[in-house]
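Shown next: input-v4.txt, containing compact mmCIF, C-alpha atoms and all ligand atoms.
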```txt
# COMPACT_ATOMS: atom_id res chain seq x y z
CA MET A 1 -27.12 -8.67 14.74
CA SER A 2 -24.59 -8.64 17.55
CA ILE A 3 -21.29 -7.03 16.60
CA SER A 4 -18.19 -6.69 18.78
CA LEU A 5 -17.20 -3.32 20.20
CA ILE A 6 -13.99 -3.40 18.18
CA GLY A 7 -15.86 -4.39 15.01
CA LYS A 8 -18.20 -1.45 15.50
CA SER A 9 -15.35 0.99 16.10
CA ILE A 10 -13.59 0.34 12.79
CA SER A 11 -14.47 2.53 9.84
CA GLU A 12 -14.22 1.57 6.18
CA SER A 13 -10.95 2.45 4.44
CA ALA A 14 -11.81 5.71 2.68
CA THR A 15 -9.17 5.21 0.03
CA LEU A 16 -10.30 1.69 -0.84
CA ARG A 17 -13.93 2.85 -0.96
CA LEU A 18 -13.02 5.65 -3.36
CA ASN A 19 -11.18 3.23 -5.63
CA GLU A 20 -14.35 1.18 -5.85
CA ILE A 21 -16.50 4.24 -6.59
CA ALA A 22 -14.12 5.24 -9.39
CA ALA A 23 -14.17 1.71 -10.84
CA VAL A 24 -17.99 1.58 -10.82
CA LEU A 25 -18.31 5.00 -12.48
CA ARG A 26 -15.71 4.13 -15.11
CA ALA A 27 -17.46 0.86 -15.86
CA LYS A 28 -20.58 2.94 -16.61
CA GLY A 29 -18.57 4.96 -19.12
CA GLU A 30 -18.25 8.06 -16.92
CA PRO A 31 -15.17 10.21 -17.70
CA VAL A 32 -13.68 9.93 -14.22
CA ILE A 33 -10.27 11.39 -13.43
CA HIS A 34 -8.84 9.51 -10.49
CA LEU A 35 -6.72 11.89 -8.41
CA GLY A 36 -7.35 9.76 -5.35
CA GLY A 37 -5.10 6.83 -6.20
CA GLY A 38 -2.35 5.44 -4.01
CA GLU A 39 -0.54 3.31 -6.55
CA PRO A 40 1.78 4.02 -9.47
CA LYS A 41 0.51 3.15 -12.92
CA THR A 42 3.74 1.64 -14.28
CA LYS A 43 3.99 -2.11 -14.81
CA ALA A 44 5.56 -4.49 -12.31
CA PRO A 45 9.22 -5.31 -13.08
CA LEU A 46 9.77 -8.12 -15.59
CA ASP A 47 12.11 -9.90 -13.15
CA ALA A 48 9.23 -10.12 -10.69
CA ILE A 49 6.84 -11.54 -13.26
CA LEU A 50 9.35 -14.10 -14.51
CA GLN A 51 10.01 -15.43 -11.02
CA ALA A 52 6.30 -15.76 -10.26
CA VAL A 53 5.55 -17.39 -13.61
CA SER A 54 8.40 -19.83 -13.22
CA LEU A 55 7.02 -21.01 -9.89
CA LEU A 56 3.51 -21.26 -11.29
CA ASN A 57 4.82 -23.35 -14.17
CA SER A 58 6.16 -25.86 -11.68
CA ALA A 59 2.58 -26.27 -10.41
CA GLU A 60 4.03 -26.74 -6.93
CA VAL A 61 2.53 -23.91 -4.96
CA ARG A 62 2.75 -24.69 -1.24
CA TYR A 63 2.56 -23.12 2.18
CA THR A 64 5.55 -21.03 3.21
CA PRO A 65 7.12 -20.52 6.63
CA ALA A 66 4.97 -18.05 8.59
CA ASP A 67 7.77 -15.46 8.50
CA GLY A 68 8.49 -15.80 4.78
CA ILE A 69 10.67 -17.83 2.41
CA PRO A 70 14.44 -17.81 3.09
CA GLU A 71 15.21 -16.46 -0.38
CA LEU A 72 13.09 -13.36 0.14
CA LYS A 73 14.49 -12.85 3.63
CA GLN A 74 17.96 -12.88 2.08
CA ALA A 75 16.87 -10.27 -0.45
CA VAL A 76 15.52 -8.11 2.40
CA ILE A 77 18.76 -8.56 4.33
CA ARG A 78 20.66 -7.29 1.30
CA TYR A 79 18.23 -4.40 0.88
CA THR A 80 18.75 -3.45 4.53
CA GLN A 81 22.51 -3.59 4.06
CA ASP A 82 22.37 -1.51 0.86
CA PHE A 83 19.98 1.19 2.03
CA TYR A 84 20.58 1.24 5.79
CA ASP A 85 24.14 -0.01 6.01
CA ARG A 86 22.91 -2.49 8.58
CA LYS A 87 23.64 -6.17 8.71
CA VAL A 88 20.75 -8.23 10.04
CA GLU A 89 20.04 -11.94 10.23
CA PRO A 90 17.08 -13.93 8.92
CA GLU A 91 15.62 -14.02 12.45
CA ASN A 92 15.45 -10.21 12.36
CA VAL A 93 13.11 -10.25 9.34
CA ILE A 94 9.44 -11.08 8.82
CA ILE A 95 7.75 -11.05 5.41
CA SER A 96 4.09 -10.06 5.58
CA GLY A 97 1.07 -9.51 3.35
CA GLY A 98 2.06 -5.94 2.54
CA ALA A 99 3.63 -3.30 4.74
CA LYS A 100 0.11 -2.98 6.10
CA GLN A 101 0.19 -6.42 7.68
CA ALA A 102 3.77 -5.93 8.88
CA ILE A 103 2.65 -2.81 10.77
CA MET A 104 -0.47 -4.53 12.05
CA VAL A 105 1.35 -7.56 13.50
CA ALA A 106 4.00 -5.26 14.98
CA LEU A 107 1.27 -3.29 16.76
CA GLN A 108 -0.39 -6.51 17.91
CA ALA A 109 2.93 -7.71 19.26
CA ILE A 110 3.66 -4.59 21.28
CA LEU A 111 0.42 -2.87 22.31
CA ASN A 112 -1.92 -3.85 25.14
CA PRO A 113 -5.49 -2.56 25.24
CA GLN A 114 -5.57 1.05 26.52
CA GLU A 115 -1.92 1.65 25.65
CA GLU A 116 -1.17 4.58 23.38
CA CYS A 117 0.47 4.88 20.00
CA ILE A 118 1.58 8.33 18.83
CA PHE A 119 1.90 9.42 15.20
CA PRO A 120 2.17 12.84 13.56
CA ALA A 121 -0.90 14.22 11.76
CA PRO A 122 -1.86 14.25 9.01
CA TYR A 123 -1.37 10.50 9.03
CA TRP A 124 -1.95 7.43 6.89
CA VAL A 125 -5.63 6.47 7.20
CA SER A 126 -4.92 3.01 8.61
CA TYR A 127 -2.86 3.92 11.71
CA PRO A 128 -5.80 4.92 13.94
CA GLU A 129 -7.92 1.96 12.86
CA MET A 130 -5.05 -0.49 13.36
CA CYS A 131 -4.63 0.76 16.94
CA LYS A 132 -8.37 0.46 17.53
CA LEU A 133 -8.33 -3.12 16.21
CA ILE A 134 -6.23 -4.03 19.25
CA GLY A 135 -8.20 -1.90 21.69
CA ALA A 136 -5.21 0.45 21.91
CA VAL A 137 -5.50 4.23 21.73
CA PRO A 138 -4.32 6.17 18.65
CA VAL A 139 -2.77 9.54 19.54
CA PRO A 140 -2.37 11.78 16.50
CA VAL A 141 -0.12 14.74 17.17
CA TYR A 142 -0.57 18.02 15.31
CA PRO A 143 2.63 20.04 14.84
CA GLU A 144 2.15 23.16 16.97
CA ASP A 145 3.64 25.44 14.31
CA GLY A 146 0.90 24.39 11.84
CA THR A 147 3.34 22.80 9.36
CA PHE A 148 3.53 19.21 8.13
CA TYR A 149 6.93 18.81 9.81
CA PRO A 150 6.67 17.67 13.44
CA ARG A 151 9.28 18.66 15.99
CA ILE A 152 10.34 16.55 18.91
CA GLN A 153 8.54 18.97 21.29
CA ASP A 154 5.28 18.06 19.56
CA ILE A 155 5.81 14.37 20.32
CA GLU A 156 7.01 15.06 23.88
CA ARG A 157 3.85 17.04 24.55
CA VAL A 158 1.57 13.98 24.10
CA VAL A 159 3.64 11.26 25.76
CA THR A 160 1.96 9.77 28.84
CA SER A 161 2.63 6.77 31.08
CA TYR A 162 0.44 4.78 28.64
CA THR A 163 2.56 5.59 25.59
CA LYS A 164 4.10 2.44 24.14
CA CYS A 165 5.11 3.38 20.62
CA VAL A 166 5.53 6.06 18.00
CA ILE A 167 4.98 5.62 14.25
CA ILE A 168 6.90 7.83 11.86
CA ASN A 169 6.06 7.83 8.17
CA SER A 170 8.51 9.89 6.12
CA PRO A 171 8.10 10.77 3.32
CA ASN A 172 4.57 11.05 4.47
CA ASN A 173 1.23 9.95 3.13
CA PRO A 174 -0.75 12.26 2.63
CA THR A 175 1.53 15.34 2.65
CA GLY A 176 4.62 14.12 0.81
CA ALA A 177 6.67 15.82 3.54
CA MET A 178 10.03 14.23 4.21
CA TYR A 179 11.02 14.92 7.80
CA SER A 180 14.42 16.47 8.47
CA GLU A 181 17.46 14.45 9.41
CA ASP A 182 17.46 16.37 12.71
CA PHE A 183 13.95 15.23 13.48
CA ILE A 184 14.73 11.60 12.67
CA ARG A 185 17.79 11.79 14.92
CA ASP A 186 15.72 13.40 17.70
CA ILE A 187 12.92 10.85 17.50
CA VAL A 188 15.29 7.86 17.48
CA GLU A 189 17.14 9.26 20.51
CA PHE A 190 13.90 10.24 22.26
CA CYS A 191 12.34 6.78 21.86
CA GLU A 192 15.52 5.09 23.07
CA LYS A 193 15.66 7.37 26.12
CA ARG A 194 11.98 6.80 26.94
CA ASN A 195 12.11 3.09 26.13
CA LEU A 196 9.40 3.41 23.47
CA TYR A 197 9.02 1.33 20.34
CA LEU A 198 9.62 3.33 17.19
CA ILE A 199 8.01 2.09 13.98
CA MET A 200 9.64 3.69 10.94
CA ASP A 201 7.23 3.31 8.03
CA ASP A 202 9.72 3.84 5.20
CA ILE A 203 7.45 2.62 2.40
CA TYR A 204 8.16 5.76 0.29
CA HIS A 205 11.84 6.18 1.21
CA ARG A 206 13.18 5.87 -2.36
CA LEU A 207 10.48 8.03 -3.95
CA ILE A 208 12.00 11.39 -3.04
CA PHE A 209 12.75 14.53 -5.04
CA ASP A 210 15.04 17.51 -5.51
CA GLY A 211 18.20 15.47 -4.99
CA ARG A 212 17.29 14.33 -1.48
CA LYS A 213 18.84 11.16 -0.10
CA PRO A 214 16.90 8.58 1.95
CA ILE A 215 17.41 9.02 5.70
CA ASN A 216 18.76 6.09 7.67
CA CYS A 217 17.19 5.86 11.13
CA TYR A 218 19.83 3.35 12.31
CA GLU A 219 22.53 5.99 12.00
CA TYR A 220 21.17 7.63 15.13
CA ALA A 221 20.43 4.53 17.18
CA LYS A 222 22.76 3.85 20.08
CA ASP A 223 21.32 0.41 20.68
CA LEU A 224 21.62 -1.74 17.58
CA GLY A 225 21.49 -5.01 19.47
CA GLU A 226 18.68 -7.38 20.30
CA ASN A 227 17.18 -4.92 22.81
CA SER A 228 16.56 -2.34 20.12
CA LYS A 229 12.96 -1.19 19.91
CA LEU A 230 13.31 0.16 16.41
CA ILE A 231 11.03 -1.51 13.87
CA LEU A 232 11.72 -0.80 10.22
CA ILE A 233 8.87 -1.26 7.75
CA ASN A 234 9.15 -1.44 4.00
CA GLY A 235 7.71 -3.20 0.98
CA ILE A 236 7.49 -3.56 -2.77
CA SER A 237 4.08 -1.94 -3.33
CA LYS A 238 5.08 1.62 -4.07
CA GLN A 239 8.70 1.61 -5.26
CA TYR A 240 8.24 -1.35 -7.62
CA SER A 241 4.65 -0.53 -8.54
CA MET A 242 3.54 -3.90 -7.13
CA THR A 243 0.60 -2.95 -4.90
CA GLY A 244 -1.46 -5.99 -5.88
CA PHE A 245 1.31 -8.41 -4.92
CA ARG A 246 0.83 -7.66 -1.25
CA ILE A 247 4.36 -8.14 0.03
CA GLY A 248 5.98 -6.04 2.75
CA TRP A 249 8.32 -6.69 5.65
CA ALA A 250 9.56 -5.65 9.04
CA VAL A 251 13.09 -5.67 10.43
CA ALA A 252 13.36 -5.71 14.22
CA ASN A 253 14.91 -7.53 17.15
CA LYS A 254 14.69 -11.32 17.03
CA ASN A 255 12.38 -11.71 19.97
CA LEU A 256 9.86 -9.29 18.55
CA ILE A 257 10.05 -10.92 15.11
CA ARG A 258 9.39 -14.29 16.77
CA VAL A 259 6.27 -12.91 18.48
CA MET A 260 5.11 -11.25 15.25
CA THR A 261 5.65 -14.56 13.44
CA ASN A 262 3.50 -16.39 15.99
CA ILE A 263 0.73 -13.86 15.46
CA GLN A 264 0.99 -13.91 11.68
CA GLY A 265 1.17 -17.71 11.70
CA HIS A 266 -2.33 -17.87 13.16
CA GLN A 267 -3.65 -14.87 11.28
CA THR A 268 -2.79 -15.62 7.65
CA SER A 269 0.27 -17.94 7.63
CA GLY A 270 3.12 -16.77 5.40
CA PRO A 271 2.19 -14.73 2.31
CA SER A 272 1.62 -16.57 -0.98
CA VAL A 273 4.83 -18.16 -2.23
CA VAL A 274 4.06 -16.96 -5.78
CA LEU A 275 4.03 -13.36 -4.62
CA GLN A 276 7.08 -13.79 -2.43
CA LYS A 277 8.96 -15.14 -5.46
CA ALA A 278 7.86 -12.08 -7.41
CA ALA A 279 9.24 -9.89 -4.61
CA VAL A 280 12.57 -11.75 -4.82
CA GLY A 281 12.61 -10.93 -8.54
CA ALA A 282 11.88 -7.26 -7.87
CA LEU A 283 14.49 -6.87 -5.12
CA ASN A 284 17.24 -8.84 -6.84
CA GLY A 285 16.49 -7.80 -10.42
CA THR A 286 17.15 -4.72 -12.54
CA GLN A 287 16.58 -1.62 -10.43
CA SER A 288 16.24 1.02 -13.17
CA GLY A 289 12.43 0.93 -12.90
CA VAL A 290 12.55 2.49 -9.44
CA GLU A 291 14.59 5.46 -10.64
CA ASN A 292 12.38 5.86 -13.72
CA LEU A 293 9.31 5.89 -11.51
CA ARG A 294 10.92 8.36 -9.11
CA ARG A 295 11.79 10.69 -11.98
CA THR A 296 8.30 10.47 -13.46
CA LEU A 297 6.77 11.23 -10.08
CA GLU A 298 9.05 14.22 -9.58
CA ASN A 299 8.01 15.58 -12.95
CA ASN A 300 4.35 14.94 -12.14
CA ARG A 301 4.79 16.72 -8.83
CA ASN A 302 6.25 19.73 -10.65
CA VAL A 303 3.33 19.87 -13.07
CA MET A 304 0.83 19.50 -10.23
CA MET A 305 2.50 22.33 -8.26
CA GLU A 306 2.61 24.60 -11.32
CA ARG A 307 -1.12 24.12 -11.85
CA LEU A 308 -2.00 24.53 -8.19
CA ASN A 309 0.12 27.67 -7.81
CA ALA A 310 -1.92 29.23 -10.62
CA PHE A 311 -5.16 28.36 -8.79
CA ASP A 312 -6.40 31.31 -6.71
CA GLY A 313 -7.69 30.46 -3.27
CA VAL A 314 -5.94 27.11 -2.79
CA ARG A 315 -2.76 26.61 -0.82
CA ALA A 316 -0.44 23.88 -2.05
CA TYR A 317 2.62 22.65 -0.17
CA LYS A 318 5.43 21.29 -2.28
CA PRO A 319 5.86 17.56 -1.54
CA ASP A 320 9.42 16.30 -0.96
CA GLY A 321 8.50 12.80 -2.10
CA THR A 322 5.69 10.20 -2.55
CA PHE A 323 2.94 10.70 -5.10
CA TYR A 324 0.61 12.89 -3.10
CA CYS A 325 -0.08 16.60 -2.76
CA PHE A 326 -2.04 17.70 0.28
CA VAL A 327 -3.85 20.87 -0.68
CA ASP A 328 -5.73 23.42 1.43
CA PHE A 329 -9.14 24.05 -0.18
CA SER A 330 -10.72 25.59 2.91
CA HIS A 331 -11.16 28.93 1.14
CA TYR A 332 -13.78 27.18 -1.01
CA GLU A 333 -15.17 24.60 1.42
CA LYS A 334 -14.12 23.64 4.92
CA ASP A 335 -15.89 20.26 4.93
CA SER A 336 -13.51 18.09 2.92
CA ARG A 337 -15.93 15.16 2.53
CA LYS A 338 -18.56 17.50 1.16
CA LEU A 339 -16.06 19.05 -1.23
CA SER A 340 -14.75 15.69 -2.42
CA GLU A 341 -18.31 14.45 -3.08
CA PHE A 342 -19.15 17.69 -4.86
CA LEU A 343 -16.14 17.39 -7.20
CA LEU A 344 -16.95 13.79 -8.02
CA GLU A 345 -20.60 14.57 -8.69
CA LYS A 346 -20.10 17.74 -10.71
CA VAL A 347 -16.88 17.22 -12.64
CA ARG A 348 -16.09 13.53 -12.09
CA VAL A 349 -12.76 14.16 -10.37
CA LEU A 350 -11.97 11.81 -7.53
CA THR A 351 -10.01 13.20 -4.56
CA VAL A 352 -9.54 11.99 -0.99
CA PRO A 353 -10.98 14.20 1.79
CA GLY A 354 -8.32 15.53 4.18
CA VAL A 355 -10.44 14.60 7.19
CA GLU A 356 -9.66 10.92 6.49
CA PHE A 357 -6.03 11.78 7.27
CA GLY A 358 -6.95 13.86 10.30
CA LEU A 359 -7.01 17.34 8.76
CA GLU A 360 -10.16 19.18 7.64
CA GLY A 361 -10.26 21.64 4.76
CA PHE A 362 -7.69 19.73 2.69
CA LEU A 363 -7.90 17.28 -0.20
CA ARG A 364 -5.25 14.72 -1.09
CA LEU A 365 -4.49 14.83 -4.80
CA SER A 366 -2.48 12.03 -6.27
CA THR A 367 0.21 12.46 -8.92
CA CYS A 368 0.54 8.82 -9.88
CA GLY A 369 -1.68 9.13 -12.95
CA SER A 370 -0.70 10.71 -16.26
CA ILE A 371 0.20 14.36 -16.85
CA LYS A 372 -3.12 14.59 -18.70
CA ASP A 373 -4.96 13.34 -15.58
CA ILE A 374 -3.21 15.97 -13.48
CA THR A 375 -3.72 18.93 -15.80
CA GLU A 376 -7.27 18.06 -16.77
CA GLY A 377 -8.17 17.11 -13.20
CA ILE A 378 -6.99 20.45 -11.82
CA GLU A 379 -8.66 22.30 -14.69
CA ARG A 380 -11.99 20.63 -13.89
CA ILE A 381 -11.65 21.35 -10.16
CA LYS A 382 -10.81 24.98 -10.90
CA TRP A 383 -13.74 25.29 -13.21
CA ALA A 384 -16.06 23.85 -10.58
CA LEU A 385 -14.84 26.11 -7.77
CA ASP A 386 -13.66 29.37 -9.25
CA PRO A 387 -16.59 31.77 -9.79
CA ASN A 388 -14.58 33.61 -12.45
CA SER A 389 -14.39 30.54 -14.72
CA PRO A 390 -16.52 30.41 -17.89
CA ASN A 391 -19.99 29.03 -17.43
CA GLU A 392 -19.43 25.96 -19.55
CA LEU A 393 -16.87 23.17 -19.72
CA TYR A 394 -16.55 20.39 -22.25
CA ILE A 395 -15.49 16.93 -21.16
CA GLY A 396 -15.11 15.20 -24.49
CA GLU A 397 -18.49 15.59 -26.16
CA ARG A 398 -20.25 16.30 -22.92
CA LYS A 399 -21.09 19.91 -22.11
CA LEU A 400 -21.18 20.83 -18.42
CA VAL A 401 -23.02 23.98 -17.40
CA ARG A 402 -22.27 25.45 -14.03
CA ASP A 403 -25.51 25.99 -12.16
CA TRP A 404 -24.09 26.14 -8.62
CA LEU A 405 -22.18 29.45 -8.38
C1 LIG B 1 2.20 5.17 4.70
C2 LIG B 1 1.84 3.83 4.21
N1 LIG B 1 2.24 2.74 4.89
C3 LIG B 1 1.94 1.51 4.48
C4 LIG B 1 1.18 1.30 3.36
C5 LIG B 1 0.82 -0.12 2.98
O1 LIG B 1 1.50 -0.58 1.90
P1 LIG B 1 1.32 -2.09 1.40
O2 LIG B 1 0.68 -2.02 0.08
O3 LIG B 1 2.72 -2.64 1.36
O4 LIG B 1 0.49 -2.81 2.41
C6 LIG B 1 0.70 2.39 2.62
C7 LIG B 1 -0.16 2.20 1.45
O5 LIG B 1 -0.88 3.06 1.02
C8 LIG B 1 1.07 3.69 3.05
O6 LIG B 1 0.67 4.78 2.37
```

Could you render the structure as structure tokens?
Amino acid sequence: MSISLIGKSISESATLRLNEIAAVLRAKGEPVIHLGGGEPKTKAPLDAILQAVSLLNSAEVRYTPADGIPELKQAVIRYTQDFYDRKVEPENVIISGGAKQAIMVALQAILNPQEECIFPAPYWVSYPEMCKLIGAVPVPVYPEDGTFYPRIQDIERVVTSYTKCVIINSPNNPTGAMYSEDFIRDIVEFCEKRNLYLIMDDIYHRLIFDGRKPINCYEYAKDLGENSKLILINGISKQYSMTGFRIGWAVANKNLIRVMTNIQGHQTSGPSVVLQKAAVGALNGTQSGVENLRRTLENNRNVMMERLNAFDGVRAYKPDGTFYCFVDFSHYEKDSRKLSEFLLEKVRVLTVPGVEFGLEGFLRLSTCGSIKDITEGIERIKWALDPNSPNELYIGERKLVRDWL
């Protein structure tokens, strides 16, 4: 079989693969605890469901404009005004099949083969593969001080004449780190000075803790006109617990949005009108669900941290937002894939290996399940790894006997 070079270079999405493994094991009746998930467990907002159902009832489900339905664009315009104090026009907005597609078409619109795209590590698993899909070069940058908080010097260090864009994801998947206002100001100014595109992946911007306020990248932009190279990404997946609806968007200059629309028009056309209607419902409807989710996630984060801090040998970093904890398990095992497989096999706890996000020795543990998932999941991991634990563990009726330490 003859496969293209790009096709061969793309690896499977580790997170999607793990979801499938968990589903298969669960279907077999295995007591799996899924600490690998990337989606909240709450239900989608009623306003979203009602809008979608109402359209379905009309039985008129048609193509949409390639850049999205006007009603949803208006909702995004209002969202941008509310959260970013920025007034944009419909031509500045594209609605895509998830934030994922919005980022992908943005990269396709700006990157030539061989050009470089910089992003801080650890990073969301899809950034490198998205760059490779275009034949462009992903350039992860590791903060020199060993933290999860990049400084502008770190970015400066890796810029070359091939650099075309920077992606910033804050709060960050997988670390939960929310970058400082100073860093956001520095990166916006730096990209403007160097004439680089800056993609702000703000998908988790409302899911933040400890009284933090979302950071508005536009506050630091000098150029807010149609030459601006700032691309703002957002979506309904995380904040409204609507991952399966696959609606996200980008806000950028009109010319770039036009090019992205041309690309998307041939790639997928506009997203399903049913799902766009649902997104209108979510954005224009009652907003209390977002705050409830945020509060639940903050509480879950606290419980997760409490458990991890009582776990000898692991190093946990307190997340500022999102629903992830990125935890250093290298004291027990440096090969994160091996460790993740071991935990799934021995105690049926699903985690995501840090290496998938560009950092070995870590596991990403998700807090979007129940408190019981978190406490029992950590208890099982501790039992599996800590040589001082009792020799036996009960999972329901099932008795596990440790025969590996
Ligand atoms: C950092 C980041 N960006 C974008 C996305 C994609 O979100 P969507 O479901 O809107 O495609 C995800 C999903 O996991 C993410 O973690």

Return the padded bounding box of ligand LIG 1 (chain B) as JSON: axis-aligned, built from all atoms listed in the file, 8 Å added on each side, with centre and edge lengths in Å to one decimal.
```
{"center_x": 0.9, "center_y": 1.2, "center_z": 2.5, "size_x": 19.6, "size_y": 24.0, "size_z": 20.8}
```

message: Calculated over all atoms listed in the file, which of the candidates A:Leu293, A:Ile263, A:Pro31, A:Val274 has the smallest distance to Ile395 in chain A?
response: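 For Ile395 in chain A, the nearest of the candidates is A:Pro31.
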
- request: Could you tell me, counting all atoms listed in the file, which protein and nucleic acid residues lie no more than 6 Å from ligand LIG 1 (chain B), written as a ChimeraX atom specification?
  value: /A:38,98-100,124,169,173,201,203,235,237,243,246-248

message: Neighbouring residues of range 178-191 of chain A were defined as those with any atom within 10 Å, considering all atoms listed in the file; residues of the same chain fewer than 4 positions away were excluded. Please report them as an MDAnalysis selection string.
response: chainID A and resid 148:153 155:156 164:166 168:173 195:200 204:205 208:209 212 214:223 229:230 319:322

task: Would you please work out which residue, of A:Tyr123, A:Tyr142, A:Tyr84, A:Phe245, is nearest to Pro45 in chain A when using only C-alpha atoms?
output: A:Phe245

Skip Leu385 in chain A itself and residues of its chain fewer than 5 positions away, then list as a PDB file with C-alpha atoms, keeping the file's coordinate frame all residues within 12 Å of it, counting all atoms listed in the file.
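As written to disk, around_1.pdb reads:
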```pdb
ATOM      1  CA  PHE A 311      -5.160  28.360  -8.790  1.00  0.00           C
ATOM      2  CA  ASP A 312      -6.400  31.310  -6.710  1.00  0.00           C
ATOM      3  CA  GLY A 313      -7.690  30.460  -3.270  1.00  0.00           C
ATOM      4  CA  VAL A 314      -5.940  27.110  -2.790  1.00  0.00           C
ATOM      5  CA  PHE A 329      -9.140  24.050  -0.180  1.00  0.00           C
ATOM      6  CA  SER A 330     -10.720  25.590   2.910  1.00  0.00           C
ATOM      7  CA  HIS A 331     -11.160  28.930   1.140  1.00  0.00           C
ATOM      8  CA  TYR A 332     -13.780  27.180  -1.010  1.00  0.00           C
ATOM      9  CA  GLU A 333     -15.170  24.600   1.420  1.00  0.00           C
ATOM     10  CA  LEU A 339     -16.060  19.050  -1.230  1.00  0.00           C
ATOM     11  CA  SER A 340     -14.750  15.690  -2.420  1.00  0.00           C
ATOM     12  CA  PHE A 342     -19.150  17.690  -4.860  1.00  0.00           C
ATOM     13  CA  LEU A 343     -16.140  17.390  -7.200  1.00  0.00           C
ATOM     14  CA  LYS A 346     -20.100  17.740 -10.710  1.00  0.00           C
ATOM     15  CA  VAL A 347     -16.880  17.220 -12.640  1.00  0.00           C
ATOM     16  CA  ILE A 378      -6.990  20.450 -11.820  1.00  0.00           C
ATOM     17  CA  GLU A 379      -8.660  22.300 -14.690  1.00  0.00           C
ATOM     18  CA  ARG A 380     -11.990  20.630 -13.890  1.00  0.00           C
ATOM     19  CA  PRO A 390     -16.520  30.410 -17.890  1.00  0.00           C
ATOM     20  CA  ASN A 391     -19.990  29.030 -17.430  1.00  0.00           C
ATOM     21  CA  ARG A 402     -22.270  25.450 -14.030  1.00  0.00           C
ATOM     22  CA  ASP A 403     -25.510  25.990 -12.160  1.00  0.00           C
ATOM     23  CA  TRP A 404     -24.090  26.140  -8.620  1.00  0.00           C
ATOM     24  CA  LEU A 405     -22.180  29.450  -8.380  1.00  0.00           C
TER      25      LEU A 405
END
```

query: Of the residues A:Gly354, A:Gly289, A:Gly135, A:Pro143, which is the one nearest to Leu5 in chain A, using all atoms listed in the file?
result: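 The closest residue to Leu5 in chain A is A:Gly135.
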
query: At most 10 Å from (11.0, -9.9, 18.5), file frame, all atoms listed in the file: which residues, as a list in words?
result: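 Protein, DNA and RNA residues close to (11.0, -9.9, 18.5): Glu91, Asn92, Val93, Ile94, Ala106, Ala109, Ile110, Glu226, Asn227, Ser228, Lys229, Ile231, Val251, Ala252, Asn253, Lys254, Asn255, Leu256, Ile257, Arg258, Val259, Met260 and Thr261 of chain A.
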
field: Computed interatomic separation between CA of Gln81 in chain A and CA of Trp249 in chain A (Å)
entry: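 Between CA of Gln81 in chain A and CA of Trp249 in chain A the gap works out to 14.6 Å.
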
message: Considering all atoms listed in the file, can you say which of A:Cys117, A:Asn309, A:Lys338, A:Pro140 comes closest to Lys382 in chain A?
response: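 Using all atoms listed in the file, the shortest distance to Lys382 in chain A belongs to A:Asn309.
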
field: Selection near Ser370 in chain A, 12 Å with only C-alpha atoms, sequence-local residues under 5 positions removed, as number ranges by chain
entry: A: 33-35, 37, 40-42, 296-297, 299-301, 303-304, 323, 375-377

Can I get the selected residues back with C-alpha atoms, as a compact mmCIF listing (two decimals), in the frame of the given file?
```
# COMPACT_ATOMS: atom_id res chain seq x y z
CA ILE A 33 -10.27 11.39 -13.43
CA HIS A 34 -8.84 9.51 -10.49
CA LEU A 35 -6.72 11.89 -8.41
CA GLY A 37 -5.10 6.83 -6.20
CA PRO A 40 1.78 4.02 -9.47
CA LYS A 41 0.51 3.15 -12.92
CA THR A 42 3.74 1.64 -14.28
CA THR A 296 8.30 10.47 -13.46
CA LEU A 297 6.77 11.23 -10.08
CA ASN A 299 8.01 15.58 -12.95
CA ASN A 300 4.35 14.94 -12.14
CA ARG A 301 4.79 16.72 -8.83
CA VAL A 303 3.33 19.87 -13.07
CA MET A 304 0.83 19.50 -10.23
CA PHE A 323 2.94 10.70 -5.10
CA THR A 375 -3.72 18.93 -15.80
CA GLU A 376 -7.27 18.06 -16.77
CA GLY A 377 -8.17 17.11 -13.20
```
